[in-house]
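The structure appears right after this line, and notes come after that.
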Amino acid sequence: MDSASPSSEQPAQPAGPASQPSVPAPLQSGKHACKDCGKEFGAPESLEQHVSAKHAPQQESRHKPAASIHSKSGRKKSRTTQYVIAFIIVVGLVYGYLNMGSKPDDLDGIRCESMEFNVMHIHPNLKIFVNGTDRVVAANIGVSASCMYWLHTHAPDGVIHAESPVKRNFTLGQFFKVWNRTQRDTLPFQLNATPSQVVVDGQNHTGNYWNITLADGQKIELHFP
Ligand SMILES: [Zn+2]
Ligand SMILES: [Zn+2]
């Protein structure tokens, strides 16, 4: 009996403590209990599911602030997106406006527009002589069906009309550029020709006649050989 009782106890003792920590709490009923709440589950998998679903405080607490951060940053993102979109629209508008200011019709910043302006409105007079003959400065130079350059003529009387919405300098050369673009056929001389004499308001003009700044009532004479 003495030898039998310890031998009968020995297998029971190591079996008891060894089985408790290693196996996830198999109950006598064969079920698995949750350490935290004591709920019982038939399979260890469903216990794991339960633990991860109900007793994963770290994950849950991380998730909740994360969610609120998400919605905040989401709001921030949509704000940022709005700013970016607004910025793109503004840039587009500015770009479009600047492009309007430099249409292909432009010549040295001289626009061709559908209406006349008189913020600046001056009338220099131009006479062109070729081989001693007075040649016509044509009517409607700088005028097309759709628009009118700030530099133009109305009648074939040699009056240049400089009419623009801004006060600025215009040169005789710019008038010839407009003439060359809009009525090349009526130019009475080659644009690269050198005049034999240039007279401005009764004074001989030296230097390039293209650089003459137009003025109201000015009298310009160009003499070509
Ligand atoms: Zn006009
Ligand atoms: Zn005018």
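Ligands are numbered from 1 in the order shown, chains are lettered A, B, ... in the order of the structure tokens, and residues start at 1 in each chain.
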
At most 9 Å is the cut-off: for each residue in chain A with any atom that close to an atom of ligand 2, write down the nearest atom pair and the distance in Å rounded to one decimal, counting only C-alpha atoms and all ligand atoms, chain first then increasing number, as a Markdown table.
```
| residue | atom | partner | partner_atom_place_in_ligand_line | distance |
| --- | --- | --- | --- | --- |
| A:Glu116 | CA | ligand 2 | 1 (Zn) | 8.8 |
| A:Asn118 | CA | ligand 2 | 1 (Zn) | 8.2 |
| A:His121 | CA | ligand 2 | 1 (Zn) | 5.9 |
| A:Ile122 | CA | ligand 2 | 1 (Zn) | 6.4 |
| A:His123 | CA | ligand 2 | 1 (Zn) | 6.1 |
| A:His152 | CA | ligand 2 | 1 (Zn) | 8.3 |
| A:Thr153 | CA | ligand 2 | 1 (Zn) | 7.8 |
| A:His154 | CA | ligand 2 | 1 (Zn) | 7.9 |
| A:Val159 | CA | ligand 2 | 1 (Zn) | 8.2 |
| A:Ile160 | CA | ligand 2 | 1 (Zn) | 7.4 |
| A:His161 | CA | ligand 2 | 1 (Zn) | 4.2 |
| A:Ala162 | CA | ligand 2 | 1 (Zn) | 6.4 |
| A:Glu163 | CA | ligand 2 | 1 (Zn) | 6.2 |
```

Keeping only C-alpha atoms, write those residues as a tab-separated table (two decimals), in the first residue's frame.
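Final output, result_30.tsv:
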```tsv
chain	number	residue	atom	x	y	z
A	116	GLU	CA	-12.19	100.86	-80.45
A	118	ASN	CA	-9.93	106.03	-76.58
A	121	HIS	CA	-6.31	108.34	-79.11
A	122	ILE	CA	-3.78	110.18	-81.25
A	123	HIS	CA	-3.56	110.98	-84.96
A	152	HIS	CA	-5.08	101.48	-87.87
A	153	THR	CA	-6.37	103.80	-90.57
A	154	HIS	CA	-9.91	104.60	-91.49
A	159	VAL	CA	-3.99	109.70	-90.82
A	160	ILE	CA	-2.79	106.95	-88.51
A	161	HIS	CA	-5.19	106.26	-85.66
A	162	ALA	CA	-3.53	105.06	-82.50
A	163	GLU	CA	-6.44	104.11	-80.27
```

>> Report as an MDAnalysis selection string all protein, DNA and RNA residues lying within 6 Å of Thr171 of chain A, evaluated on only C-alpha atoms, omitting residues in the same chain fewer than 4 positions from it.
In response: chainID A and resid 211:214

Residues as selected, C-alpha atoms, written as a compact mmCIF listing (two decimals), in the first residue's frame, can you do that?
```txt
# COMPACT_ATOMS: atom_id res chain seq x y z
CA ASN A 211 11.82 103.75 -84.16
CA ILE A 212 9.97 107.06 -84.54
CA THR A 213 7.54 107.38 -81.64
CA LEU A 214 4.12 108.38 -82.90
```

> Which residues, written as an MDAnalysis selection string, have at least one atom at most 7 Å from Trp179 of chain A, with only C-alpha atoms counted and residues fewer than 4 positions away on the same chain left out?
Replying inline: chainID A and resid 141:142 175 183:184

> Quick one: distance from atom CA of Val136 of chain A to atom CA of Tyr149 of chain A in Å, one decimal?
Replying inline: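 Atom CA of Tyr149 of chain A lies at a distance of 19.6 Å from atom CA of Val136 of chain A.
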
> Of the candidates A:Glu40, A:Glu113, A:Glu48, A:Asp105, which shows the shortest atom-to-atom distance to ligand 1, using only C-alpha atoms and all ligand atoms?
Replying inline: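 Closest candidate: A:Glu113.
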
> Near segment 193-200 of chain A, counting only C-alpha atoms, which residues have an atom at most 12 Å away, once you skip same-chain residues fewer than 3 positions from it, shown as a PyMOL selection string?
Replying inline: chain A and resi 124-132+172+187-190+203-215+217-225
